[in-house]
file model_34.txt (compact mmCIF, C-alpha atoms and all ligand atoms)
# COMPACT_ATOMS: atom_id res chain seq x y z
CA MET A 17 0.00 0.00 0.00
CA GLU A 18 1.35 3.40 -0.90
CA LEU A 19 1.28 6.11 1.78
CA ARG A 20 0.60 9.82 1.22
CA THR A 21 1.05 12.28 4.07
CA ALA A 22 -1.11 15.37 4.57
CA VAL A 23 0.30 18.64 3.22
CA SER A 24 -0.06 22.29 4.16
CA PRO A 25 -1.60 24.79 1.75
CA ARG A 26 1.32 27.12 2.55
CA ASP A 27 3.77 24.56 1.16
CA VAL A 28 1.62 23.68 -1.83
CA LYS A 29 1.94 27.28 -3.10
CA ASN A 30 5.59 26.49 -3.89
CA TYR A 31 5.16 23.08 -5.50
CA THR A 32 6.31 22.31 -9.02
CA THR A 33 4.03 20.43 -11.40
CA GLU A 34 5.92 17.23 -10.59
CA ARG A 35 5.58 17.65 -6.81
CA LEU A 36 1.86 18.48 -7.08
CA ARG A 37 1.34 15.27 -9.05
CA GLU A 38 3.39 13.21 -6.57
CA GLU A 39 1.29 14.39 -3.63
CA PHE A 40 -2.23 14.43 -5.08
CA LEU A 41 -2.49 12.39 -8.29
CA ILE A 42 -3.16 8.63 -8.17
CA GLN A 43 -2.28 6.73 -11.34
CA ASN A 44 -2.30 3.10 -12.48
CA LEU A 45 -5.32 2.18 -10.38
CA PHE A 46 -6.46 -0.57 -12.71
CA MET A 47 -3.64 -3.02 -13.41
CA PRO A 48 -4.66 -6.54 -14.55
CA GLU A 49 -4.77 -9.06 -11.68
CA GLU A 50 -3.75 -6.40 -9.13
CA ILE A 51 -5.18 -4.53 -6.17
CA LYS A 52 -3.70 -1.04 -5.95
CA LEU A 53 -4.20 0.87 -2.68
CA VAL A 54 -3.16 4.38 -1.66
CA TYR A 55 -3.49 5.38 2.01
CA SER A 56 -3.78 9.12 2.63
CA HIS A 57 -3.28 10.62 6.08
CA ILE A 58 -6.06 13.07 5.15
CA ASP A 59 -9.02 11.61 7.03
CA ARG A 60 -7.18 8.26 6.59
CA ILE A 61 -8.98 7.52 3.35
CA ILE A 62 -7.77 4.58 1.28
CA THR A 63 -8.36 4.91 -2.45
CA GLY A 64 -7.98 1.80 -4.54
CA GLY A 65 -8.50 0.01 -7.80
CA VAL A 66 -9.07 -3.72 -8.26
CA MET A 67 -8.93 -5.34 -11.69
CA PRO A 68 -9.40 -9.11 -11.64
CA VAL A 69 -9.20 -10.75 -15.05
CA GLU A 70 -8.84 -14.55 -14.79
CA GLN A 71 -8.02 -14.63 -11.07
CA THR A 72 -10.04 -13.91 -7.94
CA LEU A 73 -8.32 -11.17 -5.93
CA GLU A 74 -8.52 -11.10 -2.13
CA LEU A 75 -8.40 -7.86 -0.19
CA LYS A 76 -5.81 -8.05 2.60
CA ALA A 77 -5.13 -5.62 5.44
CA GLY A 78 -1.40 -5.46 4.73
CA GLU A 79 1.25 -4.33 7.21
CA GLU A 80 0.13 -0.72 7.19
CA LEU A 81 -3.27 -1.21 8.87
CA ARG A 82 -1.94 -3.38 11.72
CA ALA A 83 -5.35 -5.05 11.61
CA GLU A 84 -6.41 -8.67 11.31
CA TYR A 85 -8.37 -7.90 8.18
CA PHE A 86 -9.01 -4.86 5.97
CA LEU A 87 -12.42 -3.83 7.34
CA GLN A 88 -11.70 -4.63 11.00
CA ARG A 89 -11.94 -0.90 11.82
CA ARG A 90 -13.10 0.46 8.46
CA GLU A 91 -16.03 0.75 6.07
CA MET A 92 -15.82 0.78 2.28
CA GLY A 93 -17.64 1.88 -0.85
CA VAL A 94 -16.96 0.18 -4.19
CA ILE A 95 -18.18 1.24 -7.65
CA ASN A 96 -17.60 -0.96 -10.69
CA ILE A 97 -16.58 1.08 -13.75
CA GLY A 98 -15.73 -1.98 -15.88
CA GLY A 99 -17.52 -5.12 -17.08
CA ALA A 100 -19.76 -7.31 -14.94
CA GLY A 101 -18.09 -8.53 -11.76
CA GLU A 102 -18.61 -10.31 -8.48
CA ILE A 103 -17.71 -9.32 -4.95
CA THR A 104 -17.77 -12.14 -2.40
CA ILE A 105 -18.16 -11.04 1.20
CA ASP A 106 -17.86 -13.69 3.91
CA GLY A 107 -19.11 -16.31 1.47
CA LYS A 108 -22.01 -14.32 0.00
CA VAL A 109 -21.65 -13.50 -3.70
CA TYR A 110 -22.91 -10.14 -5.01
CA GLU A 111 -23.20 -9.57 -8.78
CA VAL A 112 -22.00 -6.03 -9.42
CA ALA A 113 -22.66 -4.75 -12.95
CA HIS A 114 -21.19 -1.65 -14.66
CA LYS A 115 -21.85 1.48 -12.58
CA GLU A 116 -23.36 -0.56 -9.75
CA ALA A 117 -21.86 -0.17 -6.29
CA MET A 118 -21.56 -1.71 -2.86
CA TYR A 119 -21.36 -0.35 0.64
CA ILE A 120 -19.51 -2.85 2.83
CA GLY A 121 -19.86 -2.35 6.57
CA MET A 122 -17.15 -2.62 9.22
CA GLY A 123 -16.42 -6.19 10.29
CA ALA A 124 -16.72 -7.92 6.91
CA ARG A 125 -13.73 -10.28 7.00
CA ASP A 126 -13.20 -12.06 3.73
CA ILE A 127 -13.65 -9.90 0.66
CA SER A 128 -12.70 -10.97 -2.84
CA PHE A 129 -13.23 -9.63 -6.33
CA ALA A 130 -13.70 -11.43 -9.65
CA SER A 131 -14.75 -10.64 -13.23
CA ARG A 132 -17.55 -12.47 -15.02
CA GLU A 133 -15.71 -12.43 -18.38
CA ALA A 134 -11.95 -12.12 -18.73
CA SER A 135 -12.51 -10.43 -22.11
CA CYS A 136 -14.39 -7.57 -20.39
CA PRO A 137 -12.93 -7.34 -16.87
CA ALA A 138 -14.57 -5.56 -13.97
CA LYS A 139 -12.81 -2.48 -12.59
CA PHE A 140 -13.70 -1.96 -8.96
CA TYR A 141 -12.91 1.52 -7.62
CA LEU A 142 -12.91 1.79 -3.83
CA ASN A 143 -12.81 4.34 -1.04
CA SER A 144 -12.41 3.14 2.55
CA VAL A 145 -12.37 5.18 5.76
CA PRO A 146 -12.22 4.47 9.51
CA ALA A 147 -15.52 3.33 11.08
CA HIS A 148 -16.88 2.83 14.58
CA HIS A 149 -20.16 1.04 13.89
CA THR A 150 -21.38 -1.66 11.52
CA TYR A 151 -23.99 -0.50 9.03
CA PRO A 152 -25.58 -3.07 6.69
CA THR A 153 -23.70 -4.18 3.60
CA VAL A 154 -25.79 -3.48 0.50
CA LEU A 155 -25.64 -3.61 -3.28
CA ILE A 156 -26.52 -0.23 -4.82
CA LYS A 157 -28.05 0.16 -8.28
CA PRO A 158 -28.69 3.49 -10.04
CA GLU A 159 -31.93 2.06 -11.54
CA GLY A 160 -34.23 -0.92 -10.97
CA GLU A 161 -36.53 -2.53 -8.46
CA PRO A 162 -35.59 -2.67 -4.77
CA GLU A 163 -35.17 -6.13 -3.26
CA GLU A 164 -33.66 -7.62 -0.10
CA GLY A 165 -30.10 -6.30 0.29
CA VAL A 166 -30.38 -4.06 -2.80
CA VAL A 167 -30.81 -0.28 -2.64
CA ILE A 168 -31.96 1.69 -5.71
CA VAL A 169 -30.74 5.30 -5.86
CA LYS A 170 -33.70 7.51 -4.96
CA LYS A 171 -35.05 10.05 -7.46
CA GLU A 172 -34.12 12.93 -5.16
CA ASN A 173 -30.52 11.69 -5.13
CA LYS A 174 -30.15 12.14 -8.90
CA VAL A 175 -29.61 15.85 -9.17
CA GLU A 176 -29.35 17.66 -12.50
CA LEU A 177 -27.18 20.79 -12.31
CA GLY A 178 -25.82 23.49 -14.63
CA CYS A 179 -26.69 24.18 -18.26
CA LEU A 180 -25.15 23.89 -21.72
CA GLU A 181 -24.77 27.70 -21.93
CA GLN A 182 -22.31 27.49 -19.02
CA SER A 183 -20.78 24.23 -20.30
CA ASN A 184 -21.54 22.57 -16.95
CA HIS A 185 -24.72 20.53 -17.57
CA ARG A 186 -24.35 17.38 -15.45
CA THR A 187 -26.18 14.89 -13.26
CA ILE A 188 -24.96 13.99 -9.79
CA CYS A 189 -26.01 10.50 -8.74
CA LYS A 190 -25.54 10.06 -4.99
CA TYR A 191 -24.97 6.39 -4.07
CA ILE A 192 -23.87 6.41 -0.41
CA LEU A 193 -25.32 9.09 1.84
CA PRO A 194 -27.61 9.32 4.90
CA GLY A 195 -31.24 8.41 4.25
CA GLN A 196 -30.33 6.03 1.45
CA VAL A 197 -27.28 3.98 2.42
CA GLU A 198 -26.14 4.55 5.99
CA SER A 199 -22.43 4.76 6.77
CA CYS A 200 -20.21 6.12 9.56
CA GLN A 201 -18.62 8.86 7.48
CA LEU A 202 -18.22 7.74 3.86
CA GLU A 203 -20.24 9.36 1.09
CA MET A 204 -19.87 8.40 -2.56
CA GLY A 205 -21.46 9.15 -5.88
CA MET A 206 -20.96 9.66 -9.58
CA THR A 207 -21.31 12.77 -11.73
CA LYS A 208 -21.81 12.51 -15.49
CA LEU A 209 -21.29 15.44 -17.83
CA GLU A 210 -23.74 15.87 -20.72
CA PRO A 211 -22.23 15.99 -24.24
CA GLY A 212 -20.99 19.53 -24.92
CA SER A 213 -20.53 20.29 -21.22
CA VAL A 214 -17.03 20.12 -19.79
CA TRP A 215 -17.03 21.86 -16.40
CA ASN A 216 -17.62 20.02 -13.14
CA THR A 217 -18.20 21.65 -9.79
CA MET A 218 -18.10 25.15 -11.22
CA PRO A 219 -18.96 27.46 -9.50
CA CYS A 220 -16.60 25.67 -7.14
CA HIS A 221 -16.49 25.20 -3.38
CA THR A 222 -14.44 24.04 -0.44
CA HIS A 223 -15.72 22.14 2.62
CA ASP A 224 -13.52 22.47 5.68
CA ARG A 225 -15.30 19.61 7.38
CA ARG A 226 -14.72 16.99 4.66
CA MET A 227 -12.00 15.93 2.28
CA GLU A 228 -12.78 14.50 -1.13
CA VAL A 229 -11.25 12.21 -3.77
CA TYR A 230 -12.22 12.29 -7.45
CA LEU A 231 -11.77 9.47 -9.98
CA TYR A 232 -12.11 10.69 -13.57
CA PHE A 233 -13.10 8.13 -16.23
CA ASP A 234 -14.85 7.65 -19.60
CA ILE A 235 -12.12 9.87 -21.07
CA PRO A 236 -10.75 8.87 -24.52
CA GLU A 237 -6.99 8.36 -24.74
CA ASP A 238 -6.28 11.63 -26.54
CA ALA A 239 -8.51 13.67 -24.21
CA PHE A 240 -7.89 15.03 -20.71
CA VAL A 241 -9.45 16.85 -17.79
CA MET A 242 -7.73 19.84 -16.20
CA HIS A 243 -8.43 19.33 -12.51
CA TYR A 244 -8.29 22.54 -10.49
CA MET A 245 -7.16 22.48 -6.87
CA GLY A 246 -5.69 24.80 -4.26
CA GLU A 247 -7.03 27.57 -2.11
CA PRO A 248 -9.54 29.66 -4.10
CA THR A 249 -7.03 32.48 -4.51
CA GLU A 250 -4.04 30.18 -5.19
CA THR A 251 -5.34 27.72 -7.76
CA ARG A 252 -3.20 25.10 -9.46
CA HIS A 253 -4.07 22.48 -12.06
CA ILE A 254 -3.32 18.81 -12.58
CA VAL A 255 -3.74 17.25 -16.02
CA MET A 256 -5.80 14.10 -15.53
CA ARG A 257 -6.05 11.16 -17.93
CA ASN A 258 -8.59 8.35 -18.02
CA GLU A 259 -9.10 6.41 -14.76
CA GLU A 260 -6.85 8.59 -12.64
CA ALA A 261 -7.81 9.85 -9.18
CA VAL A 262 -6.90 13.01 -7.30
CA ILE A 263 -6.92 13.79 -3.57
CA SER A 264 -8.59 17.03 -2.51
CA PRO A 265 -7.76 18.29 1.01
CA SER A 266 -10.51 20.16 2.88
CA TRP A 267 -8.93 23.55 2.14
CA SER A 268 -8.84 22.94 -1.61
CA ILE A 269 -11.30 23.59 -4.37
CA HIS A 270 -11.96 20.56 -6.61
CA ALA A 271 -13.29 21.27 -10.07
CA GLY A 272 -12.39 20.37 -13.59
CA SER A 273 -12.76 21.25 -17.25
CA GLY A 274 -12.31 18.55 -19.85
CA SER A 275 -11.43 18.59 -23.53
CA GLN A 276 -14.82 16.82 -23.84
CA ALA A 277 -17.55 15.35 -21.60
CA TYR A 278 -16.50 12.71 -19.04
CA THR A 279 -17.70 11.07 -15.82
CA PHE A 280 -16.21 11.08 -12.35
CA ILE A 281 -16.72 9.41 -8.99
CA TRP A 282 -16.45 11.49 -5.84
CA GLY A 283 -15.92 10.14 -2.35
CA MET A 284 -15.92 12.16 0.85
CA ALA A 285 -15.04 11.63 4.51
CA GLY A 286 -14.66 13.77 7.58
CA GLU A 287 -16.54 15.67 10.23
CA ASN A 288 -20.06 15.45 8.81
CA GLN A 289 -22.13 13.81 6.07
CA ASP A 290 -23.99 16.94 5.06
CA PHE A 291 -23.52 17.05 1.27
CA ASP A 292 -24.72 20.66 1.16
CA ASP A 293 -22.29 21.87 3.81
CA MET A 294 -20.04 23.69 1.35
CA ASP A 295 -18.50 27.14 1.18
CA GLY A 296 -19.25 28.32 -2.33
CA VAL A 297 -16.62 30.41 -4.11
CA ASP A 298 -17.82 33.30 -6.23
CA ASN A 299 -16.36 33.02 -9.76
CA ARG A 300 -15.15 36.61 -9.37
CA ASP A 301 -12.99 35.64 -6.36
CA LEU A 302 -10.97 32.87 -8.06
CA ARG A 303 -7.29 33.55 -8.73
O1 LIG A 401 -20.38 18.15 -10.40
C1 LIG A 401 -20.41 18.49 -9.21
O2 LIG A 401 -20.75 19.63 -8.83
C2 LIG A 401 -20.05 17.48 -8.21
O3 LIG A 401 -20.08 16.31 -8.47
C3 LIG A 401 -19.64 17.97 -6.88
C4 LIG A 401 -19.08 16.91 -5.97
O4 LIG A 401 -20.04 15.97 -5.72
C5 LIG A 401 -18.63 17.57 -4.70
O5 LIG A 401 -17.67 18.30 -4.75
C6 LIG A 401 -19.36 17.30 -3.46
O6 LIG A 401 -18.81 18.04 -2.41
ZN ZN A 402 -16.90 18.97 -2.84
call {"tool": "encode", "arguments": {"input": "model_34.txt", "output": "structure tokens", "more": "lines below"}}
Ligand SMILES: O=C(O)C(=O)C[C@H](O)C(=O)CO
Ligand SMILES: [Zn+2]
result
Amino acid sequence: MELRTAVSPRDVKNYTTERLREEFLIQNLFMPEEIKLVYSHIDRIITGGVMPVEQTLELKAGEELRAEYFLQRREMGVINIGGAGEITIDGKVYEVAHKEAMYIGMGARDISFASREASCPAKFYLNSVPAHHTYPTVLIKPEGEPEEGVVIVKKENKVELGCLEQSNHRTICKYILPGQVESCQLEMGMTKLEPGSVWNTMPCHTHDRRMEVYLYFDIPEDAFVMHYMGEPTETRHIVMRNEEAVISPSWSIHAGSGSQAYTFIWGMAGENQDFDDMDGVDNRDLR
């Protein structure tokens, strides 16, 4: 597991492009037959990618957690951005299709990942944070009929924002949040830009009480997203390619403009789970 320490906004002002990327950018998340994990000291979030092809991959705590098993003191959200896959949790198999997700509560011991078809492997993206209580493990589907152990994203948690005139027409689909899927602190969802729109989270915001991680995907090879970070009056950018993630500390804005439409997953952890607890930044105040 790779470790990233927390950094001060005063230091970040002096970072080169290379140093910014070293601290905040997460690359190579989806390597065939591998589990890649990055542990950030910021709210102790672990961001990971799991790409089983022929093999079944087991999630292990590793030395860093000093735990008997990965979710001994943690909870986890997983969203599949690849082909159909399976997650087996303590012997129970969950079928997780493209853009379906799981919340896995603290205490789940044996967790493994597999793809249905090696020719179209699953790509499981995960965020895991410390937990103090076990909430139910559930499969989460953006659409469909609710059934035992399956949560369908509620209509009010699919929020259309922006407009084509401002190049920021997008839909935020909230998967894990209070009132839908209970968790100790994790919130996760997916935002899809409409064709012709390229700006996410603009006007932008910070939220001192939560940190956030973004995973950008559905980006063609020759395209990119400029991810904007930093204090609102000290902005910096990171060029993001397909299936790369970026850590956003609480003091940082997190927004992006792409060379075309794209999709991204956001995950948050921290002091509260109030999605709307944000400090909006007026476009006129950005520097
Ligand atoms: O497009 C957006 O706006 C977002 O998706 C915003 C993120 O969800 C976010 O930053 C939540 O704090
Ligand atoms: Zn945010």
call {"tool": "closest_residue", "arguments": {"input": "model_34.txt", "among": "A:Met245, A:Met92, A:Val66, A:Leu302", "to": "ligand ZN 402 (chain A)", "atoms": "only C-alpha atoms and all ligand atoms"}}
result
A:Met245
call {"tool": "residues_near_point", "arguments": {"input": "model_34.txt", "point": "(-4.0, -10.3, 1.8)", "cutoff": "10 Å", "atoms": "all atoms listed in the file", "output": "number ranges by chain"}}
result
A: 51, 73-79, 84-86, 126-128
call {"tool": "closest_atom_pairs", "arguments": {"input": "model_34.txt", "of": "chain A", "to": "ligand ZN 402 (chain A)", "cutoff": "7 Å", "atoms": "all atoms listed in the file", "output": "JSON lines"}}
result
{"residue": "A:His221", "atom": "CA", "partner": "A:ZN402", "partner_atom": "ZN", "distance": 6.3}
{"residue": "A:Thr222", "atom": "CA", "partner": "A:ZN402", "partner_atom": "ZN", "distance": 6.1}
{"residue": "A:His223", "atom": "CA", "partner": "A:ZN402", "partner_atom": "ZN", "distance": 6.4}
{"residue": "A:Glu228", "atom": "CA", "partner": "A:ZN402", "partner_atom": "ZN", "distance": 6.3}
{"residue": "A:His270", "atom": "CA", "partner": "A:ZN402", "partner_atom": "ZN", "distance": 6.4}
call {"tool": "write_last_selection", "arguments": {"input": "model_34.txt", "atoms": "C-alpha atoms", "output": "tab-separated table (two decimals), in the frame of the given file"}}
result
chain	number	residue	atom	x	y	z
A	221	HIS	CA	-16.49	25.20	-3.38
A	222	THR	CA	-14.44	24.04	-0.44
A	223	HIS	CA	-15.72	22.14	2.62
A	228	GLU	CA	-12.78	14.50	-1.13
A	270	HIS	CA	-11.96	20.56	-6.61
call {"tool": "closest_atom_pairs", "arguments": {"input": "model_34.txt", "of": "chain A", "to": "ligand LIG 401 (chain A)", "cutoff": "10 Å", "atoms": "all atoms listed in the file", "output": "JSON lines"}}
result
{"residue": "A:Val175", "atom": "CA", "partner": "A:LIG401", "partner_atom": "O3", "distance": 9.6}
{"residue": "A:Glu176", "atom": "CA", "partner": "A:LIG401", "partner_atom": "O1", "distance": 9.2}
{"residue": "A:Leu177", "atom": "CA", "partner": "A:LIG401", "partner_atom": "O2", "distance": 7.4}
{"residue": "A:Gly178", "atom": "CA", "partner": "A:LIG401", "partner_atom": "O2", "distance": 8.6}
{"residue": "A:Asn184", "atom": "CA", "partner": "A:LIG401", "partner_atom": "O1", "distance": 8.0}
{"residue": "A:His185", "atom": "CA", "partner": "A:LIG401", "partner_atom": "O1", "distance": 8.7}
{"residue": "A:Arg186", "atom": "CA", "partner": "A:LIG401", "partner_atom": "O1", "distance": 6.5}
{"residue": "A:Thr187", "atom": "CA", "partner": "A:LIG401", "partner_atom": "O1", "distance": 7.2}
{"residue": "A:Ile188", "atom": "CA", "partner": "A:LIG401", "partner_atom": "O3", "distance": 5.6}
{"residue": "A:Cys189", "atom": "CA", "partner": "A:LIG401", "partner_atom": "O3", "distance": 8.3}
{"residue": "A:Lys190", "atom": "CA", "partner": "A:LIG401", "partner_atom": "O4", "distance": 8.1}
{"residue": "A:Glu203", "atom": "CA", "partner": "A:LIG401", "partner_atom": "C6", "distance": 9.2}
{"residue": "A:Met204", "atom": "CA", "partner": "A:LIG401", "partner_atom": "O4", "distance": 8.2}
{"residue": "A:Gly205", "atom": "CA", "partner": "A:LIG401", "partner_atom": "O4", "distance": 7.0}
{"residue": "A:Met206", "atom": "CA", "partner": "A:LIG401", "partner_atom": "O3", "distance": 6.8}
{"residue": "A:Thr207", "atom": "CA", "partner": "A:LIG401", "partner_atom": "O3", "distance": 5.0}
{"residue": "A:Lys208", "atom": "CA", "partner": "A:LIG401", "partner_atom": "O1", "distance": 7.7}
{"residue": "A:Leu209", "atom": "CA", "partner": "A:LIG401", "partner_atom": "O1", "distance": 8.0}
{"residue": "A:Trp215", "atom": "CA", "partner": "A:LIG401", "partner_atom": "O1", "distance": 7.8}
{"residue": "A:Asn216", "atom": "CA", "partner": "A:LIG401", "partner_atom": "O1", "distance": 4.3}
{"residue": "A:Thr217", "atom": "CA", "partner": "A:LIG401", "partner_atom": "O2", "distance": 3.4}
{"residue": "A:Met218", "atom": "CA", "partner": "A:LIG401", "partner_atom": "O2", "distance": 6.6}
{"residue": "A:Pro219", "atom": "CA", "partner": "A:LIG401", "partner_atom": "O2", "distance": 8.1}
{"residue": "A:Cys220", "atom": "CA", "partner": "A:LIG401", "partner_atom": "O2", "distance": 7.5}
{"residue": "A:His221", "atom": "CA", "partner": "A:LIG401", "partner_atom": "O5", "distance": 7.1}
{"residue": "A:Thr222", "atom": "CA", "partner": "A:LIG401", "partner_atom": "O6", "distance": 7.7}
{"residue": "A:His223", "atom": "CA", "partner": "A:LIG401", "partner_atom": "O6", "distance": 7.2}
{"residue": "A:Arg226", "atom": "CA", "partner": "A:LIG401", "partner_atom": "O6", "distance": 8.2}
{"residue": "A:Met227", "atom": "CA", "partner": "A:LIG401", "partner_atom": "O6", "distance": 8.5}
{"residue": "A:Glu228", "atom": "CA", "partner": "A:LIG401", "partner_atom": "O6", "distance": 7.1}
{"residue": "A:Val229", "atom": "CA", "partner": "A:LIG401", "partner_atom": "O5", "distance": 8.9}
{"residue": "A:Tyr230", "atom": "CA", "partner": "A:LIG401", "partner_atom": "C4", "distance": 8.4}
{"residue": "A:Ser264", "atom": "CA", "partner": "A:LIG401", "partner_atom": "O5", "distance": 9.4}
{"residue": "A:Ile269", "atom": "CA", "partner": "A:LIG401", "partner_atom": "O5", "distance": 8.3}
{"residue": "A:His270", "atom": "CA", "partner": "A:LIG401", "partner_atom": "O5", "distance": 6.4}
{"residue": "A:Ala271", "atom": "CA", "partner": "A:LIG401", "partner_atom": "O5", "distance": 7.5}
{"residue": "A:Gly272", "atom": "CA", "partner": "A:LIG401", "partner_atom": "O1", "distance": 8.9}
{"residue": "A:Thr279", "atom": "CA", "partner": "A:LIG401", "partner_atom": "O1", "distance": 9.3}
{"residue": "A:Phe280", "atom": "CA", "partner": "A:LIG401", "partner_atom": "O3", "distance": 7.6}
{"residue": "A:Ile281", "atom": "CA", "partner": "A:LIG401", "partner_atom": "O3", "distance": 7.7}
{"residue": "A:Trp282", "atom": "CA", "partner": "A:LIG401", "partner_atom": "O4", "distance": 5.7}
{"residue": "A:Gly283", "atom": "CA", "partner": "A:LIG401", "partner_atom": "O4", "distance": 7.9}
{"residue": "A:Met284", "atom": "CA", "partner": "A:LIG401", "partner_atom": "O6", "distance": 7.3}
{"residue": "A:Asp290", "atom": "CA", "partner": "A:LIG401", "partner_atom": "O6", "distance": 9.2}
{"residue": "A:Phe291", "atom": "CA", "partner": "A:LIG401", "partner_atom": "O6", "distance": 6.1}
{"residue": "A:Asp292", "atom": "CA", "partner": "A:LIG401", "partner_atom": "O6", "distance": 7.4}
{"residue": "A:Asp293", "atom": "CA", "partner": "A:LIG401", "partner_atom": "O6", "distance": 8.1}
{"residue": "A:Met294", "atom": "CA", "partner": "A:LIG401", "partner_atom": "O6", "distance": 6.9}
{"residue": "A:Asp295", "atom": "CA", "partner": "A:LIG401", "partner_atom": "O6", "distance": 9.8}
call {"tool": "atom_distance", "arguments": {"input": "model_34.txt", "atom1": "CA of Met122 in chain A", "atom2": "CA of Phe140 in chain A"}}
result
18.5 Å
call {"tool": "atom_distance", "arguments": {"input": "model_34.txt", "atom1": "CA of Asp27 in chain A", "atom2": "CA of Gly246 in chain A"}}
result
10.9 Å
call {"tool": "atom_distance", "arguments": {"input": "model_34.txt", "atom1": "CA of Leu41 in chain A", "atom2": "CA of Ala261 in chain A"}}
result
6.0 Å
call {"tool": "residues_near_point", "arguments": {"input": "model_34.txt", "point": "(-6.2, 20.3, 1.7)", "cutoff": "9 Å", "atoms": "only C-alpha atoms", "output": "JSON, numbers by chain"}}
result
{"A": [22, 23, 24, 25, 58, 224, 227, 245, 246, 247, 263, 264, 265, 266, 267, 268, 269]}
call {"tool": "write_last_selection", "arguments": {"input": "model_34.txt", "atoms": "C-alpha atoms", "output": "PDB file, in the frame of the given file"}}
result
ATOM      1  CA  ALA A  22      -1.110  15.370   4.570  1.00  0.00           C
ATOM      2  CA  VAL A  23       0.300  18.640   3.220  1.00  0.00           C
ATOM      3  CA  SER A  24      -0.060  22.290   4.160  1.00  0.00           C
ATOM      4  CA  PRO A  25      -1.600  24.790   1.750  1.00  0.00           C
ATOM      5  CA  ILE A  58      -6.060  13.070   5.150  1.00  0.00           C
ATOM      6  CA  ASP A 224     -13.520  22.470   5.680  1.00  0.00           C
ATOM      7  CA  MET A 227     -12.000  15.930   2.280  1.00  0.00           C
ATOM      8  CA  MET A 245      -7.160  22.480  -6.870  1.00  0.00           C
ATOM      9  CA  GLY A 246      -5.690  24.800  -4.260  1.00  0.00           C
ATOM     10  CA  GLU A 247      -7.030  27.570  -2.110  1.00  0.00           C
ATOM     11  CA  ILE A 263      -6.920  13.790  -3.570  1.00  0.00           C
ATOM     12  CA  SER A 264      -8.590  17.030  -2.510  1.00  0.00           C
ATOM     13  CA  PRO A 265      -7.760  18.290   1.010  1.00  0.00           C
ATOM     14  CA  SER A 266     -10.510  20.160   2.880  1.00  0.00           C
ATOM     15  CA  TRP A 267      -8.930  23.550   2.140  1.00  0.00           C
ATOM     16  CA  SER A 268      -8.840  22.940  -1.610  1.00  0.00           C
ATOM     17  CA  ILE A 269     -11.300  23.590  -4.370  1.00  0.00           C
TER      18      ILE A 269
END
